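Quick notes on the structure that follows.
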Number of protein chains: 2
Amino acid sequence: MNGSLVVVGTGPGKAELMTPATQAALARATDLVGYGPYLERIPPTRSDQCRHASDNRVELDRARLALSLAASGRQVAVFEAVETGDPAWRGLDIRVEPGVTAMLAAAAEVGAPLGGDFCAISLSDNLKAWTTVERRLAAAAQADFVIALYNPASKARPHQLGQAFELLRRIKAADTPVLFVRAAGTAEAEVVTATLGTADPARADMRTLVIIGSSATRQVGRWVYTPRGERAPS
Amino acid sequence: MNGSLVVVGTGPGKAELMTPATQAALARATDLVGYGPYLERIPPTRSDQCRHASDNRVELDRARLALSLAASGRQVAVFEAVETGDPAWRGLDIRVEPGVTAMLAAAAEVGAPLGGDFCAISLSDNLKAWTTVERRLAAAAQADFVIALYNPASKARPHQLGQAFELLRRIKAADTPVLFVRAAGTAEAEVVTATLGTADPARADMRTLVIIGSSATRQVGRWVYTPRGERAPS
């Protein structure tokens with residue numbers, strides 16, 4: 001099977017945070033396939049290039065693979081489809097270009113909160129059990145990781161971040177820094193700094209990344225950071 | 001106090017993985033301060049710009065802050081110094097530009113292994129107790145996170161990765177994928193794919209990032225990925 005597929009990390013929003021490697025791959029592509037709002041971030045490239053938002057159900061031969069893969073706009077969907085789809089797809093030239101993730105862009109807005117060991121957890125239970133989320137939150141808190149929460153809330157799931165904070169409060173100190181970083185890495189970035197004891201879950205929406213400090217995380221002026229050095233646990 | 005300081009993520013090595021925002025900050029700077037090997041990655045910018053490798057002990061007035069901060073080449077050192085140093089430093093204009101981290105570059109070399117919830121753990125016990133490392137490894141394994149290990153081995157610490165594998169084998173399945181990704185995001189990138197049951201810790205050095213799958217992590221051809229969908233725990 002001819003053809004190549006490059007899975008790109010487009011970064012959090014600003015063109016200045018998109019790597020040259022991703023920009024070059026986008027410029028070379030005949031077709032761009034992806035979640036509509038992510039496609040809209042990509043500046044115009046060539047006039048002979050087709051863009052297919054993933055809610056566009058028109059099947060184009062050359063884009064069929066990518067269209068069928070990219071519905072979620074997530075890199076993993078590509079490999080899932082390669083595993084379960086037409087065996088010939090395994091012969092495709094596939095490459096991954098990494099990008100600055102939402103978590104890293106959010107961390108940069110507030111300083112260096114991910115300086116120590118950290119976990120990333122999606123609060124969405126669309127694709128996994130809520131008990132799995134709770135088990136991971138508890139483990140991350142007990143082992144004193146910095147915790148980055150993806151997908152903290154949506155219209156369909158307004159209550160889960162509050163439940164997560166309640167669970168974490170039973171394990172972690174009330175003065176643990178909690179950061180709500182909305183639209184990180186874009187011109188509309190907003191940061192709210194709180195503590196676990198008083199953090200209001202209503203501060204978060206689907207564009208918010210929530211970072212909860214470890215016991216070592218510190219605030220200095222408007223910055224929050226986690227030093228590499230940690231005392232031995234008492 | 002006049003002056004500004006931009007803490008930049010320079011990416012894993014290739015210029016193609018350095019964001020335009022970081023490139024612009026480097027081009028504007030009067031002084032570049034950092035760990036020598038990282039400074040060497042940065043292409044020449046302006047002829048009137050000074051470069052200070054962090055092992056250069058010459059104290060220059062304008063670079064004194066950054067020199068004293070940047071010894072470890074780590075972002076967090078900056079905020080640590082702002083907290084503990086001259087109170088006037090808090091008035092500096094400080095900004096952070098995120099970059100593609102070694103973990104993300106390593107993941108891209110092998111597919112999408114960090115597609116699910118994941119943890120990043122440094123195996124180095126230079127700045128924290130080994131018991132803390134063990135506690136985090138056990139928590140991450142018990143809660144079925146994908147685990148990315150930074151600093152898996154050095155000449156001074158040749159045995160810790162083996163100890164970590166032993167600990168993880170008591171909790172995780174022997175067929176769990178283990179990835180050794182060396183020099184990710186550079187022209188010399190190398191990937192070795194193994195399983196937890198047979199992984200040889202001698203495969204890792206200081207330039208290696210080790211990724212250990214969750215129970216959901218799958219291999220398809222030369223790719224390894226972790227699907228977002230997970231079954232409920234049995």
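Residues are named by chain letter and number: chains run A, B, ... in the order of the structure tokens, numbers start at 1 in each chain, and ligands are numbered from 1 in the order shown.
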
Define the interface residues of chain A facing chain B as those within 6 Å, counting only C-alpha atoms, and report them as a PyMOL selection string. chain A and resi 16-21+76+83+96+98-100+105+108+112+115+117-121+127-129+136+139+143+220+227+229-230+232

Pick out the residues sitting within 8 Å of region 196-198 of chain A, and hand them over as a ChimeraX atom specification; count only C-alpha atoms, and ignore anything fewer than 3 positions along from it in its own chain. /A:165,169,173-178,212

Write to file, as a short mmCIF file (atom, residue, chain, number, x, y, z; two decimals), in the first residue's frame, the residues of the selection just made, with C-alpha atoms.
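Contents of the output file selection13.cif:
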```
data_model
loop_
_atom_site.label_atom_id
_atom_site.label_comp_id
_atom_site.auth_asym_id
_atom_site.auth_seq_id
_atom_site.Cartn_x
_atom_site.Cartn_y
_atom_site.Cartn_z
CA PHE A 165 -11.15 17.12 45.21
CA ARG A 169 -8.66 16.16 50.58
CA ALA A 173 -2.90 18.74 53.03
CA ALA A 174 -5.50 21.50 52.72
CA ASP A 175 -2.82 24.05 51.77
CA THR A 176 -1.65 22.06 48.72
CA PRO A 177 -1.54 24.43 45.71
CA VAL A 178 -4.23 23.84 43.09
CA ILE A 212 -2.53 19.73 42.09
#
```

I need the residues in region 78-208 of chain A that are strand (DSSP E) according to DSSP; give them as a VMD selection string. chain A and resid 93 to 97 111 to 112 118 to 122 146 to 150 177 to 182 190 to 195 208

Just to confirm, what's the straight-line distance from CA of Gly213 (chain B) to CA of Glu188 (chain B) in Å (one decimal)? 23.6 Å

Report the distance between CA of Arg157 (chain B) and CA of Pro201 (chain B) in Å, rounded to one decimal place. 11.7 Å

Members of region 10-204 of chain A assigned helix (DSSP H, G or I) by DSSP, as a PyMOL selection string: chain A and resi 15-17+20-28+36-40+64-72+75-84+87-91+102-110+130-142+160-169+201-203

Grab the CA of Leu167 (chain A) to CA of Asp205 (chain A) distance for me, in Å with one decimal place.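 Going from CA of Leu167 (chain A) over to CA of Asp205 (chain A) covers 19.5 Å.
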